[in-house]
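Scroll down for the structure; my scribbles are underneath it.
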Amino acid sequence: MKTWLNHRTHQGNRIVSWKSPADPAPGSFSYGLDPSTSQQHLIWNGTSPYWRTPVWTGSAVTSYYLSAGTVVYTAVVDTDEEITVTFTVSDGAAPTRYVLTSSGSFELLSWNGTASAWATLQSWPSTGCSTYGHCGAYGYCDVPAAACRCLDGFEPASAAEWSAGWFGQGCRRKDPLPSCGDGGGVDEEGFVAMAGMKVPDRFLEEEGGSRSSEECAASCGGNCSCVAYAYANLQSSSAKGEVRRRLVWAGDLVDAMMIGAQWGATADTLYLRVSLAAPSTGRKSSRNAVKIALPVLAGILLLTSIFSVWFCMFRVKRRKSESQKKLIPGSANTSTEIGEGNHTEDLEFPSIQFSDIVAATGNFSKEFMIGRGGFGKVYKGTLGNGQVVAVKRLSKDSDQGAEEFKNEAILIAKLQHRNLVRLLGCCTEGAERLLIYEYLPNKGLDAILFDNARKSVLDWPMRLGIVKGVARGLLYLHQDSRLTVIHRDLKASNVLLDAEMRAKIADFGMAKIFWDDQVNANTGRVVGTYGYIAPEYSAEGVFSVKSDVYSFGVLLLEIMSGVRISSSHGIREFPSLIVYAWHLWREGKGVELLDQSMAESCSPDEALLCIHVGLLCVQDDPSRRPLMSSVVSILENGSGSSSSSLPMPNQPAYLAIMEEKKAELDNSRNTMAMTVLQGR
């Protein structure tokens, strides 16, 4: 296989990822020669660089030993028209190929005949810090140590952030370079060599002809904007003959890496322009100190005066604003006005760099994936400070678009309750949309409740505790927070369980806010999950707090029975779990609905009370469904409440229609003719 690039048109070919492991449509990642330099391969995520190979140092053919019988050869041919890079394998080697995965991993695979599967020999990015720009400006990734470090002569711009594992601000010079034109220069500065480097990106290439390395150093030293250079002798690599190459950098040094020798190419030596020593004593340094100190002192006095005036004006303006401000539906103030509890606490959450998330999740490795849905996938990750998190990565074709993403971030960051999952941060770099949550080790309720091998861990006290937790969380959303929030997608998979099996409601992408005196709303776009959606919502688009009550009722019946609402198993000949539960209730056989895996630990009276509450919540008429405040009150009273004191639940409309049709059928049986239905 080969990659190529035309020097004149900057056009070439690329390897393109699949959209997902199961969808071969073109994905967001691509791999090919860098059109701006032609001296390196890049992986792009959309249009943004995601990973970069070392810069080509001129070798015409290199070999890369992988295993017995398998050697990968790379041949480069550079002409005036184009550059071509060809990959081949040694004779007798197993079938071998490079693949760019849907998660952005560039993998070298070899066919394993014994296992009848592709085995991964190498994978890039190889470490978390090797993704593009992970260590910030003037930082570099030390591949052997898998850690970010500062280039020689530099130090972390924020020591606290580096200690916490955040490298976005990069590094800064320990000693500033003398300013051009003030008498400083070659006597006070020089170059420090860093060998074994993948040199930074954003370089300018200058063909130096017969120019030597010393001449390159002098040229860079005489250019005020030059901050580093690299020198290489490109031999037997080009139709143009021997060329000595000089790379120079005039801006921030980004995406450097300490690699030694990888990819069959010799690493470069990077020459950094640094200050050689501390400032010398004498008249010149004193003069420079005065020249610097006076403007600084004047600036400090000016800034202090401006800040004092601004602070006084800000306090007056803020008091006036807070006394007059009203929350307007749909306004940008939503994100700062939602919230209850301690208002002295800062409820804002940080924006986390995509490269840090990539490092935390092993480049979104399959091994770290803990869930998936219509929105995308959820991964377990460990941040640089050691904190374990859950990362929700929205796919580009997700039903949850930009508006839903913003909605979820705002709501879940501002609504603080022990039965709501806690949001720690978000990321919106390029086309990426990610939410970072607290990690809940027991994951979604559905993963245990509907697994025959695991559901026995959910004994009766645990199930009742989960039901109460979800009910309290909904009560907070509907009534106890400042605004009324309708979740609109409550289901078993959106109830997460922490280490103590406490329930936390998650996924607020479809949530809606109700304002003062608003009872219901209408939408032309019905969202949610089949089986959990209230009848009035699915038929007419009308939703309210009673829509969530219906979903809660479905969830409650699922927890009692261990049967999924969309399943036809375990409900005999009945069309749905709701109809089956109501039938058993009417016949006085409600205990037959209970999941046998919790039969021994179950309290029949409490269980029947829960089934009764569930049937009240799933009534077709929303006005007959209880509010969550009533539900919580009934559940909290537990054995103190009596099922007989509650109103009787109405017959499901579906069952009523079927029984009416059955009566009509019985009355007209003697005159009825059979009709054969033909498929069309």
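Labels used: A, B, ... for chains in the order of the structure tokens, numbers from 1 for residues in each chain, and numbers from 1 for ligands as shown.
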
Determine, counting only C-alpha atoms, which protein, DNA and RNA residues have an atom within 8 Å of an atom of region 105-115 of chain A; residues of the same chain fewer than 6 positions away are not included. Present the result as a PDB file with N, CA and C atoms, in the first residue's frame.
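Dumped to around.pdb:
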ATOM      1  N   ALA A  94       2.924 -13.121   7.378  1.00  0.00           N
ATOM      2  CA  ALA A  94       1.469 -13.255   7.392  1.00  0.00           C
ATOM      3  C   ALA A  94       0.840 -12.009   6.776  1.00  0.00           C
ATOM      4  N   PRO A  95      -0.382 -12.103   6.260  1.00  0.00           N
ATOM      5  CA  PRO A  95      -1.060 -10.905   5.743  1.00  0.00           C
ATOM      6  C   PRO A  95      -1.032  -9.786   6.785  1.00  0.00           C
ATOM      7  N   THR A  96      -0.590  -8.626   6.368  1.00  0.00           N
ATOM      8  CA  THR A  96      -0.376  -7.501   7.283  1.00  0.00           C
ATOM      9  C   THR A  96      -0.975  -6.245   6.682  1.00  0.00           C
ATOM     10  N   ARG A  97      -1.545  -5.392   7.502  1.00  0.00           N
ATOM     11  CA  ARG A  97      -2.160  -4.169   6.982  1.00  0.00           C
ATOM     12  C   ARG A  97      -2.182  -3.082   8.046  1.00  0.00           C
ATOM     13  N   TYR A  98      -2.223  -1.842   7.572  1.00  0.00           N
ATOM     14  CA  TYR A  98      -2.463  -0.693   8.438  1.00  0.00           C
ATOM     15  C   TYR A  98      -3.955  -0.364   8.379  1.00  0.00           C
ATOM     16  N   VAL A  99      -4.541  -0.053   9.530  1.00  0.00           N
ATOM     17  CA  VAL A  99      -5.962   0.286   9.605  1.00  0.00           C
ATOM     18  C   VAL A  99      -6.126   1.495  10.516  1.00  0.00           C
ATOM     19  N   LEU A 121      -0.301  -5.539  16.166  1.00  0.00           N
ATOM     20  CA  LEU A 121       1.135  -5.551  16.442  1.00  0.00           C
ATOM     21  C   LEU A 121       1.598  -4.221  17.025  1.00  0.00           C
ATOM     22  N   GLN A 122       1.098  -3.125  16.471  1.00  0.00           N
ATOM     23  CA  GLN A 122       1.447  -1.793  16.955  1.00  0.00           C
ATOM     24  C   GLN A 122       0.198  -0.910  16.851  1.00  0.00           C
ATOM     25  N   SER A 123       0.169   0.113  17.683  1.00  0.00           N
ATOM     26  CA  SER A 123      -0.957   1.043  17.655  1.00  0.00           C
ATOM     27  C   SER A 123      -0.468   2.437  18.011  1.00  0.00           C
ATOM     28  N   TRP A 124      -0.918   3.420  17.260  1.00  0.00           N
ATOM     29  CA  TRP A 124      -0.573   4.816  17.520  1.00  0.00           C
ATOM     30  C   TRP A 124      -1.845   5.650  17.582  1.00  0.00           C
ATOM     31  N   PRO A 125      -1.959   6.649  18.462  1.00  0.00           N
ATOM     32  CA  PRO A 125      -0.975   7.122  19.433  1.00  0.00           C
ATOM     33  C   PRO A 125      -0.636   6.027  20.452  1.00  0.00           C
ATOM     34  N   ASN A 363      -7.418   6.468  24.566  1.00  0.00           N
ATOM     35  CA  ASN A 363      -7.845   6.776  23.200  1.00  0.00           C
ATOM     36  C   ASN A 363      -9.184   6.104  22.885  1.00  0.00           C
TER      37      ASN A 363
END

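Excluding Leu490 (chain A) itself and any same-chain residue fewer than 6 positions from it, the protein and nucleic acid residues within 10 Å of it, counting only C-alpha atoms, are A:Val470, A:Leu474, A:Ile505, A:Ala506, A:Asp507, A:Phe508, A:Met510, A:Ala511, A:Gly528, A:Thr529, A:Tyr532, A:Ile533, A:Ser547, A:Asp548, A:Val549, A:Tyr550, A:Ser551, A:Phe552, A:Val554, A:Leu555.
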
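For the residues A:Lys414, A:Arg433, A:Lys468, A:Arg172, ranking by smallest atom-to-atom distance to Leu483 (chain A) using only C-alpha atoms places A:Lys414 first.
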
Using CA of Ala653 (chain A) and CA of Asp620 (chain A) as the two end points, give the distance in Å to one decimal.
-> 6.7 Å

Counting only C-alpha atoms, what is within 12 Å of region 500-502 of chain A, bar same-chain residues fewer than 3 positions away, as number ranges by chain?
-> A: 418-421, 440-445, 448, 457-459, 461-470, 472-473, 495-497, 505

Using C-alpha atoms, can you export the residues from the last selection as a tab-separated table (two decimals), in the first residue's frame?
chain	number	residue	atom	x	y	z
A	418	ARG	CA	-28.07	13.24	45.83
A	419	ASN	CA	-30.26	11.28	43.40
A	420	LEU	CA	-29.03	13.11	40.28
A	421	VAL	CA	-25.74	12.18	38.65
A	440	LEU	CA	-20.69	5.14	39.25
A	441	PRO	CA	-19.20	1.64	39.48
A	442	ASN	CA	-22.47	-0.31	39.24
A	443	LYS	CA	-23.45	1.44	35.99
A	444	GLY	CA	-27.05	1.36	34.75
A	445	LEU	CA	-29.93	-0.34	36.55
A	448	ILE	CA	-28.44	-5.80	36.51
A	457	VAL	CA	-28.19	-9.15	43.87
A	458	LEU	CA	-31.18	-6.80	43.79
A	459	ASP	CA	-33.01	-8.05	46.86
A	461	PRO	CA	-34.65	-3.74	50.37
A	462	MET	CA	-32.29	-2.74	47.57
A	463	ARG	CA	-35.07	-2.48	44.96
A	464	LEU	CA	-37.25	-0.46	47.29
A	465	GLY	CA	-34.31	1.86	47.99
A	466	ILE	CA	-33.79	2.37	44.25
A	467	VAL	CA	-37.48	3.13	43.71
A	468	LYS	CA	-37.45	5.68	46.53
A	469	GLY	CA	-34.25	7.29	45.24
A	470	VAL	CA	-35.66	7.75	41.74
A	472	ARG	CA	-36.99	11.68	45.30
A	473	GLY	CA	-34.91	12.73	42.31
A	495	VAL	CA	-30.86	5.24	36.38
A	496	LEU	CA	-27.25	4.75	37.47
A	497	LEU	CA	-26.13	2.99	40.65
A	505	ILE	CA	-30.98	9.84	37.51

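Proximity to Met194 (chain A) was assessed for A:Ser163, A:Ala256, A:Leu5, A:Asp175 counting only C-alpha atoms; the smallest distance is recorded for A:Ala256.
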
Long-range neighbours of region 138-150 of chain A as a JSON list (two decimals) with C-alpha atoms, in the first residue's frame, 7 Å cut-off, only C-alpha atoms, 3 positions minimum in chain:
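Result saved to around_0.json:
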[["chain", "number", "residue", "atom", "x", "y", "z"],
["A", 127, "THR", "CA", 0.59, 6.77, 24.88],
["A", 129, "CYS", "CA", 0.48, 12.17, 26.01],
["A", 130, "SER", "CA", 1.37, 11.49, 22.36],
["A", 135, "CYS", "CA", 1.57, 18.82, 26.57],
["A", 154, "PHE", "CA", 11.42, 26.06, 30.19],
["A", 155, "GLU", "CA", 9.17, 25.42, 33.18],
["A", 156, "PRO", "CA", 5.40, 24.78, 33.61],
["A", 170, "GLY", "CA", 2.13, 24.47, 28.43],
["A", 171, "CYS", "CA", 5.49, 25.84, 29.54],
["A", 172, "ARG", "CA", 7.24, 29.22, 29.71],
["A", 252, "ASP", "CA", 5.23, 28.48, 19.80],
["A", 253, "LEU", "CA", 6.75, 25.01, 19.75],
["A", 254, "VAL", "CA", 3.80, 22.59, 19.70],
["A", 255, "ASP", "CA", 3.59, 18.78, 19.69],
["A", 256, "ALA", "CA", 7.22, 17.91, 20.40],
["A", 257, "MET", "CA", 8.04, 14.40, 21.57],
["A", 258, "MET", "CA", 11.04, 12.48, 22.93],
["A", 259, "ILE", "CA", 10.99, 9.28, 20.85]]

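For region 356-362 of chain A, the set of protein, DNA and RNA residues having any atom at most 8 Å away, when counting only C-alpha atoms and skipping those fewer than 3 positions along the same chain, is Thr127, Gly128, Cys129, Thr131, His134, Trp166, Ile352, Gln353, Ser365, Phe368, Tyr379, Lys380, Gly381, Thr382, Leu383, Gly384 and Val391 of chain A.
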
Those same residues, written as a JSON list (two decimals), in the first residue's frame with C-alpha atoms?
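So the final result, stored in out21.json, reads:
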[["chain", "number", "residue", "atom", "x", "y", "z"],
["A", 127, "THR", "CA", 0.59, 6.77, 24.88],
["A", 128, "GLY", "CA", -1.93, 9.23, 26.20],
["A", 129, "CYS", "CA", 0.48, 12.17, 26.01],
["A", 131, "THR", "CA", -1.86, 12.91, 20.94],
["A", 134, "HIS", "CA", -1.26, 17.24, 24.57],
["A", 166, "TRP", "CA", -3.64, 19.54, 33.19],
["A", 352, "ILE", "CA", -11.54, 19.70, 29.90],
["A", 353, "GLN", "CA", -9.12, 19.38, 26.99],
["A", 365, "SER", "CA", -10.39, 2.02, 23.81],
["A", 368, "PHE", "CA", -12.80, 1.23, 28.59],
["A", 379, "TYR", "CA", -16.17, 5.30, 28.61],
["A", 380, "LYS", "CA", -14.50, 4.85, 31.97],
["A", 381, "GLY", "CA", -11.43, 7.04, 32.34],
["A", 382, "THR", "CA", -8.83, 8.14, 34.84],
["A", 383, "LEU", "CA", -7.79, 11.79, 34.76],
["A", 384, "GLY", "CA", -4.24, 12.94, 35.35],
["A", 391, "VAL", "CA", -16.99, 10.12, 29.72]]

Using DSSP on the backbone, list every residue of region 342-572 of chain A that comes out as strand (DSSP E or B), and give them as a ChimeraX atom specification.
-> /A:351,369-373,376-382,388-394,420,423-427,434-438,444,484-486,495-497,503-505,512-514,520-522,542-544

Residue nearest Ser629 (chain A) among A:Gln479, A:Thr86, A:Gln596, A:Ser645 (counting only C-alpha atoms) | A:Gln479

At most 12 Å is the cut-off: for each residue in region 382-493 of chain A with any atom that close to an atom of region 42-64 of chain A, write down the nearest atom pair and the distance in Å rounded to one decimal, counting only C-alpha atoms, chain first then increasing number, as a tab-separated table.
residue	atom	partner	partner_atom	distance
A:Lys396	CA	A:Gly46	CA	11.0
A:Glu429	CA	A:Ser48	CA	9.3
A:Gly430	CA	A:Ser48	CA	7.2
A:Ala431	CA	A:Gly46	CA	7.4
A:Glu432	CA	A:Asn45	CA	9.1

Selection above as a file: N, CA and C atoms, as a tab-separated table (two decimals), in the first residue's frame:
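So the final result, stored in result27.tsv, reads:
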chain	number	residue	atom	x	y	z
A	396	LYS	N	-21.41	11.93	16.03
A	396	LYS	CA	-21.82	13.03	15.16
A	396	LYS	C	-23.23	12.84	14.61
A	429	GLU	N	-14.22	20.67	21.86
A	429	GLU	CA	-13.16	20.99	20.90
A	429	GLU	C	-13.53	20.46	19.52
A	430	GLY	N	-13.51	21.35	18.52
A	430	GLY	CA	-13.82	20.94	17.16
A	430	GLY	C	-15.22	20.37	17.09
A	431	ALA	N	-15.34	19.19	16.49
A	431	ALA	CA	-16.64	18.53	16.36
A	431	ALA	C	-16.94	17.65	17.57
A	432	GLU	N	-16.01	17.58	18.53
A	432	GLU	CA	-16.21	16.71	19.68
A	432	GLU	C	-17.16	17.35	20.69
